[in-house]
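The file final19.cif comes next; it holds mmCIF, N, CA and C atoms.
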```
data_work
loop_
_atom_site.label_atom_id
_atom_site.label_comp_id
_atom_site.auth_asym_id
_atom_site.auth_seq_id
_atom_site.Cartn_x
_atom_site.Cartn_y
_atom_site.Cartn_z
N MET A 271 81.55 96.14 97.42
CA MET A 271 82.02 96.19 98.78
C MET A 271 81.35 97.37 99.48
N LYS A 272 80.89 97.11 100.66
CA LYS A 272 80.28 98.15 101.45
C LYS A 272 81.04 98.20 102.77
N LEU A 273 81.61 99.35 103.10
CA LEU A 273 82.39 99.48 104.32
C LEU A 273 81.55 100.19 105.36
N SER A 274 81.31 99.52 106.48
CA SER A 274 80.49 100.09 107.55
C SER A 274 81.38 100.77 108.59
N THR A 275 80.74 101.28 109.64
CA THR A 275 81.50 101.91 110.71
C THR A 275 82.40 100.90 111.41
N LYS A 276 82.03 99.62 111.41
CA LYS A 276 82.87 98.61 112.05
C LYS A 276 84.28 98.65 111.47
N GLY A 277 84.37 98.62 110.16
CA GLY A 277 85.68 98.61 109.51
C GLY A 277 86.42 99.92 109.68
N ARG A 278 85.71 101.02 109.48
CA ARG A 278 86.36 102.33 109.62
C ARG A 278 86.85 102.55 111.04
N TYR A 279 86.00 102.25 112.03
CA TYR A 279 86.39 102.47 113.42
C TYR A 279 87.50 101.52 113.85
N ALA A 280 87.51 100.30 113.35
CA ALA A 280 88.57 99.36 113.69
C ALA A 280 89.92 99.88 113.20
N VAL A 281 89.96 100.39 111.97
CA VAL A 281 91.22 100.92 111.43
C VAL A 281 91.64 102.18 112.19
N VAL A 282 90.71 103.05 112.51
CA VAL A 282 91.02 104.27 113.27
C VAL A 282 91.53 103.90 114.66
N ALA A 283 90.84 102.99 115.34
CA ALA A 283 91.23 102.60 116.70
C ALA A 283 92.61 101.94 116.72
N LEU A 284 92.89 101.08 115.76
CA LEU A 284 94.19 100.43 115.71
C LEU A 284 95.29 101.43 115.34
N SER A 285 94.97 102.39 114.50
CA SER A 285 95.94 103.45 114.18
C SER A 285 96.26 104.24 115.44
N ASP A 286 95.24 104.58 116.21
CA ASP A 286 95.42 105.29 117.47
C ASP A 286 96.28 104.45 118.42
N LEU A 287 96.00 103.18 118.48
CA LEU A 287 96.75 102.27 119.35
C LEU A 287 98.24 102.31 119.02
N VAL A 288 98.56 102.32 117.74
CA VAL A 288 99.96 102.36 117.31
C VAL A 288 100.57 103.73 117.61
N LEU A 289 99.86 104.79 117.26
CA LEU A 289 100.39 106.14 117.44
C LEU A 289 100.57 106.52 118.91
N GLU A 290 99.63 106.15 119.75
CA GLU A 290 99.65 106.57 121.14
C GLU A 290 100.32 105.57 122.08
N GLY A 291 100.27 104.30 121.72
CA GLY A 291 100.76 103.29 122.66
C GLY A 291 102.09 102.68 122.31
N GLY A 292 102.38 102.61 121.03
CA GLY A 292 103.59 101.90 120.63
C GLY A 292 103.48 100.44 121.04
N SER A 293 104.37 100.00 121.90
CA SER A 293 104.31 98.61 122.38
C SER A 293 103.64 98.51 123.74
N ASP A 294 103.21 99.64 124.32
CA ASP A 294 102.52 99.63 125.60
C ASP A 294 101.05 99.32 125.42
N TYR A 295 100.43 98.88 126.49
CA TYR A 295 99.00 98.62 126.48
C TYR A 295 98.25 99.95 126.58
N VAL A 296 97.15 100.04 125.85
CA VAL A 296 96.33 101.26 125.82
C VAL A 296 94.91 100.87 126.20
N ARG A 297 94.31 101.67 127.06
CA ARG A 297 92.92 101.42 127.46
C ARG A 297 91.97 101.88 126.37
N LEU A 298 90.91 101.12 126.19
CA LEU A 298 89.90 101.51 125.20
C LEU A 298 89.24 102.83 125.55
N SER A 299 89.14 103.13 126.83
CA SER A 299 88.54 104.41 127.23
C SER A 299 89.35 105.59 126.70
N GLU A 300 90.68 105.43 126.62
CA GLU A 300 91.54 106.50 126.09
C GLU A 300 91.33 106.66 124.58
N ILE A 301 91.26 105.53 123.88
CA ILE A 301 91.01 105.58 122.43
C ILE A 301 89.65 106.18 122.16
N ALA A 302 88.64 105.73 122.92
CA ALA A 302 87.28 106.23 122.74
C ALA A 302 87.22 107.74 122.90
N LYS A 303 87.92 108.25 123.90
CA LYS A 303 87.92 109.70 124.15
C LYS A 303 88.63 110.45 123.03
N ARG A 304 89.81 109.97 122.65
CA ARG A 304 90.58 110.67 121.60
C ARG A 304 89.88 110.64 120.25
N GLN A 305 89.20 109.54 119.94
CA GLN A 305 88.62 109.36 118.61
C GLN A 305 87.12 109.61 118.57
N ASN A 306 86.54 109.94 119.71
CA ASN A 306 85.10 110.21 119.81
C ASN A 306 84.28 109.02 119.27
N ILE A 307 84.63 107.84 119.77
CA ILE A 307 83.94 106.60 119.43
C ILE A 307 83.44 105.99 120.73
N SER A 308 82.27 105.44 120.71
CA SER A 308 81.70 104.80 121.89
C SER A 308 82.63 103.71 122.41
N GLN A 309 82.90 103.73 123.71
CA GLN A 309 83.76 102.70 124.30
C GLN A 309 83.10 101.33 124.18
N GLN A 310 81.80 101.26 124.33
CA GLN A 310 81.10 99.98 124.20
C GLN A 310 81.25 99.41 122.79
N TYR A 311 81.20 100.28 121.80
CA TYR A 311 81.36 99.84 120.41
C TYR A 311 82.79 99.33 120.20
N LEU A 312 83.76 100.05 120.76
CA LEU A 312 85.15 99.60 120.65
C LEU A 312 85.36 98.26 121.33
N GLU A 313 84.72 98.06 122.46
CA GLU A 313 84.85 96.78 123.16
C GLU A 313 84.37 95.63 122.29
N GLN A 314 83.28 95.83 121.58
CA GLN A 314 82.77 94.80 120.68
C GLN A 314 83.77 94.51 119.55
N LEU A 315 84.35 95.57 119.00
CA LEU A 315 85.31 95.40 117.92
C LEU A 315 86.58 94.70 118.43
N PHE A 316 87.05 95.10 119.60
CA PHE A 316 88.31 94.56 120.09
C PHE A 316 88.19 93.10 120.54
N VAL A 317 86.99 92.66 120.91
CA VAL A 317 86.79 91.24 121.17
C VAL A 317 87.09 90.46 119.88
N LYS A 318 86.59 90.95 118.77
CA LYS A 318 86.82 90.29 117.48
C LYS A 318 88.28 90.38 117.05
N LEU A 319 88.88 91.53 117.28
CA LEU A 319 90.29 91.71 116.91
C LEU A 319 91.21 90.82 117.76
N ARG A 320 90.82 90.61 119.02
CA ARG A 320 91.61 89.73 119.89
C ARG A 320 91.44 88.27 119.48
N ARG A 321 90.22 87.88 119.15
CA ARG A 321 89.97 86.49 118.74
C ARG A 321 90.74 86.11 117.49
N THR A 322 90.94 87.07 116.61
CA THR A 322 91.67 86.78 115.37
C THR A 322 93.17 87.00 115.51
N GLY A 323 93.62 87.39 116.69
CA GLY A 323 95.05 87.49 116.94
C GLY A 323 95.69 88.79 116.50
N ILE A 324 94.91 89.80 116.20
CA ILE A 324 95.48 91.08 115.79
C ILE A 324 95.95 91.87 117.00
N VAL A 325 95.19 91.81 118.09
CA VAL A 325 95.59 92.48 119.32
C VAL A 325 95.65 91.46 120.45
N GLU A 326 96.34 91.86 121.51
CA GLU A 326 96.35 91.08 122.74
C GLU A 326 95.96 92.00 123.88
N SER A 327 95.45 91.41 124.95
CA SER A 327 94.97 92.23 126.05
C SER A 327 95.65 91.84 127.35
N SER A 328 95.59 92.77 128.28
CA SER A 328 96.13 92.55 129.61
C SER A 328 95.20 93.24 130.61
N ARG A 329 94.97 92.58 131.74
CA ARG A 329 94.13 93.17 132.77
C ARG A 329 94.99 93.87 133.80
N GLY A 330 94.34 94.68 134.61
CA GLY A 330 95.04 95.33 135.70
C GLY A 330 95.23 96.81 135.46
N PRO A 331 95.92 97.47 136.41
CA PRO A 331 96.06 98.93 136.34
C PRO A 331 96.83 99.42 135.11
N ARG A 332 97.70 98.61 134.60
CA ARG A 332 98.45 99.00 133.39
C ARG A 332 97.98 98.20 132.18
N GLY A 333 96.77 97.67 132.28
CA GLY A 333 96.23 96.83 131.23
C GLY A 333 95.63 97.61 130.09
N GLY A 334 95.13 96.87 129.15
CA GLY A 334 94.53 97.44 127.96
C GLY A 334 94.79 96.52 126.78
N TYR A 335 94.97 97.13 125.62
CA TYR A 335 95.23 96.37 124.40
C TYR A 335 96.48 96.90 123.72
N ARG A 336 97.12 96.02 122.98
CA ARG A 336 98.23 96.39 122.11
C ARG A 336 98.23 95.42 120.95
N LEU A 337 98.92 95.80 119.88
CA LEU A 337 99.04 94.89 118.73
C LEU A 337 99.81 93.66 119.15
N SER A 338 99.43 92.52 118.58
CA SER A 338 100.13 91.28 118.90
C SER A 338 101.38 91.09 118.05
N ARG A 339 101.54 91.91 117.03
CA ARG A 339 102.73 91.87 116.19
C ARG A 339 102.97 93.27 115.61
N PRO A 340 104.12 93.51 115.03
CA PRO A 340 104.43 94.85 114.54
C PRO A 340 103.41 95.32 113.49
N PRO A 341 103.16 96.64 113.43
CA PRO A 341 102.15 97.16 112.50
C PRO A 341 102.45 96.89 111.03
N GLU A 342 103.70 96.67 110.68
CA GLU A 342 104.01 96.36 109.28
C GLU A 342 103.59 94.94 108.91
N HIS A 343 103.17 94.15 109.89
CA HIS A 343 102.69 92.79 109.64
C HIS A 343 101.19 92.64 109.83
N VAL A 344 100.49 93.76 109.90
CA VAL A 344 99.03 93.74 110.02
C VAL A 344 98.46 94.47 108.81
N ASN A 345 97.83 93.73 107.90
CA ASN A 345 97.29 94.40 106.71
C ASN A 345 95.83 94.79 106.93
N ILE A 346 95.39 95.76 106.19
CA ILE A 346 94.06 96.33 106.37
C ILE A 346 92.97 95.32 106.04
N SER A 347 93.19 94.49 105.05
CA SER A 347 92.17 93.47 104.73
C SER A 347 91.95 92.54 105.92
N GLU A 348 93.00 92.22 106.63
CA GLU A 348 92.90 91.35 107.81
C GLU A 348 92.06 92.00 108.91
N ILE A 349 92.25 93.30 109.10
CA ILE A 349 91.47 94.03 110.11
C ILE A 349 90.00 94.03 109.73
N LEU A 350 89.72 94.34 108.47
CA LEU A 350 88.33 94.41 108.02
C LEU A 350 87.64 93.06 108.10
N LEU A 351 88.34 92.01 107.73
CA LEU A 351 87.75 90.67 107.83
C LEU A 351 87.50 90.28 109.29
N ALA A 352 88.40 90.71 110.18
CA ALA A 352 88.25 90.38 111.60
C ALA A 352 86.97 90.96 112.19
N VAL A 353 86.56 92.12 111.71
CA VAL A 353 85.34 92.76 112.25
C VAL A 353 84.14 92.53 111.34
N ASP A 354 84.22 91.48 110.55
CA ASP A 354 83.09 91.01 109.74
C ASP A 354 82.73 91.90 108.55
N GLU A 355 83.68 92.62 108.02
CA GLU A 355 83.41 93.38 106.80
C GLU A 355 83.50 92.42 105.62
N SER A 356 82.73 92.69 104.60
CA SER A 356 82.68 91.79 103.44
C SER A 356 83.49 92.37 102.29
N ILE A 357 84.80 92.41 102.47
CA ILE A 357 85.64 92.92 101.40
C ILE A 357 85.81 91.84 100.34
N GLY A 358 85.94 92.27 99.14
CA GLY A 358 86.13 91.33 98.04
C GLY A 358 84.83 90.73 97.54
N LYS A 359 83.71 91.12 98.12
CA LYS A 359 82.42 90.63 97.64
C LYS A 359 81.69 91.79 96.99
N PRO A 360 81.30 91.65 95.75
CA PRO A 360 80.63 92.76 95.09
C PRO A 360 79.24 93.00 95.67
N VAL A 361 78.91 94.27 95.83
CA VAL A 361 77.56 94.65 96.24
C VAL A 361 76.88 95.17 94.98
N LEU A 362 76.02 94.34 94.42
CA LEU A 362 75.40 94.69 93.15
C LEU A 362 74.06 95.38 93.33
N GLY A 363 73.60 95.48 94.55
CA GLY A 363 72.32 96.13 94.78
C GLY A 363 71.18 95.22 94.36
N LYS A 364 70.03 95.80 94.17
CA LYS A 364 68.86 95.03 93.78
C LYS A 364 69.00 94.67 92.31
N ARG A 365 68.98 93.39 92.05
CA ARG A 365 69.17 92.93 90.68
C ARG A 365 67.82 92.75 90.00
N THR A 366 67.61 93.53 88.97
CA THR A 366 66.37 93.39 88.22
C THR A 366 66.67 92.68 86.92
N GLY A 367 65.96 91.61 86.70
CA GLY A 367 66.14 90.88 85.45
C GLY A 367 67.35 89.98 85.42
N THR A 368 68.06 89.84 86.53
CA THR A 368 69.28 89.03 86.50
C THR A 368 69.00 87.56 86.71
N MET A 369 67.78 87.23 87.05
CA MET A 369 67.46 85.82 87.29
C MET A 369 67.52 85.01 86.00
N SER A 370 67.43 85.67 84.88
CA SER A 370 67.47 84.93 83.63
C SER A 370 68.86 84.39 83.34
N GLY A 371 69.88 85.00 83.96
CA GLY A 371 71.25 84.52 83.78
C GLY A 371 71.72 84.65 82.35
N SER A 372 71.41 85.75 81.72
CA SER A 372 71.80 85.94 80.32
C SER A 372 73.32 86.06 80.20
N GLN A 373 73.79 85.88 79.01
CA GLN A 373 75.23 85.99 78.75
C GLN A 373 75.71 87.41 79.07
N ALA A 374 74.93 88.42 78.71
CA ALA A 374 75.32 89.80 78.97
C ALA A 374 75.46 90.04 80.48
N GLN A 375 74.54 89.50 81.24
CA GLN A 375 74.61 89.67 82.70
C GLN A 375 75.82 88.96 83.27
N SER A 376 76.09 87.78 82.80
CA SER A 376 77.25 87.03 83.27
C SER A 376 78.55 87.77 82.95
N LEU A 377 78.61 88.30 81.75
CA LEU A 377 79.81 89.04 81.35
C LEU A 377 79.97 90.32 82.15
N ALA A 378 78.88 91.03 82.39
CA ALA A 378 78.93 92.25 83.19
C ALA A 378 79.33 91.94 84.64
N ASN A 379 78.84 90.83 85.17
CA ASN A 379 79.18 90.45 86.55
C ASN A 379 80.67 90.20 86.71
N ARG A 380 81.33 89.78 85.64
CA ARG A 380 82.79 89.59 85.70
C ARG A 380 83.49 90.91 85.98
N LEU A 381 82.94 92.01 85.47
CA LEU A 381 83.51 93.34 85.77
C LEU A 381 83.47 93.59 87.27
N TRP A 382 82.32 93.34 87.90
CA TRP A 382 82.18 93.62 89.33
C TRP A 382 83.04 92.67 90.16
N GLU A 383 83.16 91.43 89.73
CA GLU A 383 84.03 90.49 90.43
C GLU A 383 85.49 90.93 90.34
N SER A 384 85.88 91.41 89.17
CA SER A 384 87.24 91.89 88.98
C SER A 384 87.51 93.12 89.85
N LEU A 385 86.55 94.03 89.91
CA LEU A 385 86.69 95.22 90.74
C LEU A 385 86.82 94.83 92.21
N SER A 386 86.01 93.91 92.67
CA SER A 386 86.08 93.45 94.06
C SER A 386 87.44 92.82 94.36
N ALA A 387 87.95 92.05 93.43
CA ALA A 387 89.26 91.43 93.62
C ALA A 387 90.35 92.50 93.73
N GLN A 388 90.25 93.55 92.90
CA GLN A 388 91.23 94.63 92.95
C GLN A 388 91.17 95.37 94.29
N VAL A 389 89.98 95.59 94.80
CA VAL A 389 89.82 96.25 96.10
C VAL A 389 90.47 95.39 97.18
N TYR A 390 90.19 94.09 97.16
CA TYR A 390 90.78 93.20 98.16
C TYR A 390 92.31 93.24 98.09
N VAL A 391 92.85 93.13 96.90
CA VAL A 391 94.31 93.14 96.75
C VAL A 391 94.90 94.45 97.26
N HIS A 392 94.24 95.56 96.94
CA HIS A 392 94.72 96.87 97.41
C HIS A 392 94.74 96.92 98.93
N LEU A 393 93.67 96.50 99.57
CA LEU A 393 93.60 96.53 101.04
C LEU A 393 94.56 95.52 101.67
N HIS A 394 94.82 94.43 100.97
CA HIS A 394 95.76 93.43 101.47
C HIS A 394 97.20 93.95 101.41
N ASN A 395 97.48 94.83 100.47
CA ASN A 395 98.83 95.36 100.29
C ASN A 395 99.13 96.57 101.16
N ILE A 396 98.15 97.08 101.86
CA ILE A 396 98.35 98.23 102.75
C ILE A 396 98.39 97.71 104.18
N THR A 397 99.42 98.12 104.92
CA THR A 397 99.56 97.69 106.30
C THR A 397 99.17 98.82 107.25
N LEU A 398 99.04 98.45 108.50
CA LEU A 398 98.76 99.46 109.53
C LEU A 398 99.90 100.46 109.62
N LEU A 399 101.12 100.01 109.40
CA LEU A 399 102.26 100.93 109.40
C LEU A 399 102.12 101.95 108.27
N ASP A 400 101.66 101.51 107.10
CA ASP A 400 101.43 102.44 105.99
C ASP A 400 100.45 103.54 106.39
N ILE A 401 99.42 103.16 107.14
CA ILE A 401 98.41 104.12 107.56
C ILE A 401 99.02 105.15 108.50
N VAL A 402 99.71 104.69 109.56
CA VAL A 402 100.19 105.62 110.59
C VAL A 402 101.39 106.44 110.15
N THR A 403 102.07 106.02 109.09
CA THR A 403 103.21 106.81 108.59
C THR A 403 102.84 107.60 107.33
N ASN A 404 101.55 107.57 106.98
CA ASN A 404 101.08 108.24 105.77
C ASN A 404 101.85 107.73 104.56
N GLY A 405 102.06 106.42 104.53
CA GLY A 405 102.87 105.81 103.48
C GLY A 405 102.08 105.23 102.33
N ILE A 406 100.84 105.63 102.19
CA ILE A 406 100.04 105.12 101.08
C ILE A 406 100.32 105.99 99.86
N SER A 407 100.75 105.35 98.80
CA SER A 407 101.03 106.09 97.57
C SER A 407 99.72 106.53 96.92
N PRO A 408 99.70 107.75 96.41
CA PRO A 408 98.48 108.19 95.72
C PRO A 408 98.28 107.41 94.43
N CYS A 409 97.05 107.30 94.03
CA CYS A 409 96.72 106.64 92.78
C CYS A 409 97.24 107.49 91.63
N PRO A 410 97.99 106.92 90.70
CA PRO A 410 98.51 107.72 89.58
C PRO A 410 97.40 108.38 88.75
N ALA A 411 96.24 107.75 88.70
CA ALA A 411 95.15 108.30 87.89
C ALA A 411 94.54 109.54 88.53
N VAL A 412 94.51 109.59 89.86
CA VAL A 412 93.93 110.73 90.57
C VAL A 412 94.82 111.07 91.78
N PRO A 413 96.01 111.59 91.54
CA PRO A 413 96.98 111.79 92.63
C PRO A 413 96.53 112.80 93.68
N ASN A 414 95.66 113.73 93.36
CA ASN A 414 95.26 114.75 94.32
C ASN A 414 93.85 114.51 94.86
N LEU A 415 93.35 113.30 94.73
CA LEU A 415 92.00 113.00 95.19
C LEU A 415 91.86 113.20 96.68
N LEU A 416 92.81 112.69 97.44
CA LEU A 416 92.78 112.82 98.90
C LEU A 416 94.00 113.56 99.38
N LYS A 417 93.77 114.59 100.15
CA LYS A 417 94.87 115.32 100.75
C LYS A 417 94.81 115.08 102.24
N ILE A 418 95.95 114.72 102.83
CA ILE A 418 96.02 114.46 104.26
C ILE A 418 96.26 115.78 104.98
N VAL A 419 95.43 116.06 105.95
CA VAL A 419 95.55 117.28 106.73
C VAL A 419 95.92 116.89 108.15
N ASP A 420 97.02 117.39 108.64
CA ASP A 420 97.45 117.10 109.99
C ASP A 420 96.92 118.22 110.90
N GLU A 421 95.95 117.85 111.74
CA GLU A 421 95.34 118.87 112.61
C GLU A 421 96.03 118.95 113.92
#
```
Could you spell out this file's structure in structure tokens?
Amino acid sequence: MKLSTKGRYAVVALSDLVLEGGSDYVRLSEIAKRQNISQQYLEQLFVKLRRTGIVESSRGPRGGYRLSRPPEHVNISEILLAVDESIGKPVLGKRTGTMSGSQAQSLANRLWESLSAQVYVHLHNITLLDIVTNGISPCPAVPNLLKIVDE
């Protein structure tokens, strides 16, 4: 799995939308300013998020975007898929010698497929509410890997 700026910015922008707007509409220009993300880039992302039903839009002086349903019903895998991220697909890089399709290669590829499936399941089990409430449980194997700093 390779996560590009599309996926990262979509999650950041939607988190901002929840934190700053609640159920009110929020202008992309406000999100762009707060998060230091190009408004044009956000517009491209939000077209995709609207098409998939994650956000809804309204025009006019009080217009903007808001979530179409509560943040506890929006999972991260759904957001990433909406902006064309390829979650759950292994990125094996340049394969040398894999064209022979040996048994060893097939068996090793099962490892990467299993890892990709685990990543997808993890992202599917985390909601936007988990993100904005800092409700993601640390991994038991590396509990201090990421520390959240509130600036």
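In terms of minimum interatomic distance to Leu312 of chain A, A:Ala280 ranks closest within A:Arg339, A:Leu287, A:Leu385, A:Ala280, counting only N, CA and C atoms.
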- request: List the neighbours of Leu393 of chain A out to 7 Å using only N, CA and C atoms; skip same-chain residues closer than 2 positions along the sequence, and give me the result as a ChimeraX atom specification.
  value: /A:345-348,388-391,395-397
Between atom CA of Arg278 of chain A and atom CA of Ser308 of chain A lies a distance of 13.4 Å
ask   = Tell me, which residues of chain A carry DSSP alpha helix (DSSP H), written as a PyMOL selection string?
value = chain A and resi 275-286+298-305+309-321+346-352+373-395+398-402
A straight line from atom C of Ile401 of chain A to atom N of Pro331 of chain A spans 29.1 Å
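Only residues having an atom at most 7 Å from (101.1, 109.8, 113.3) are included; using only C-alpha atoms, these are Leu289, Val402 and Thr403 of chain A.
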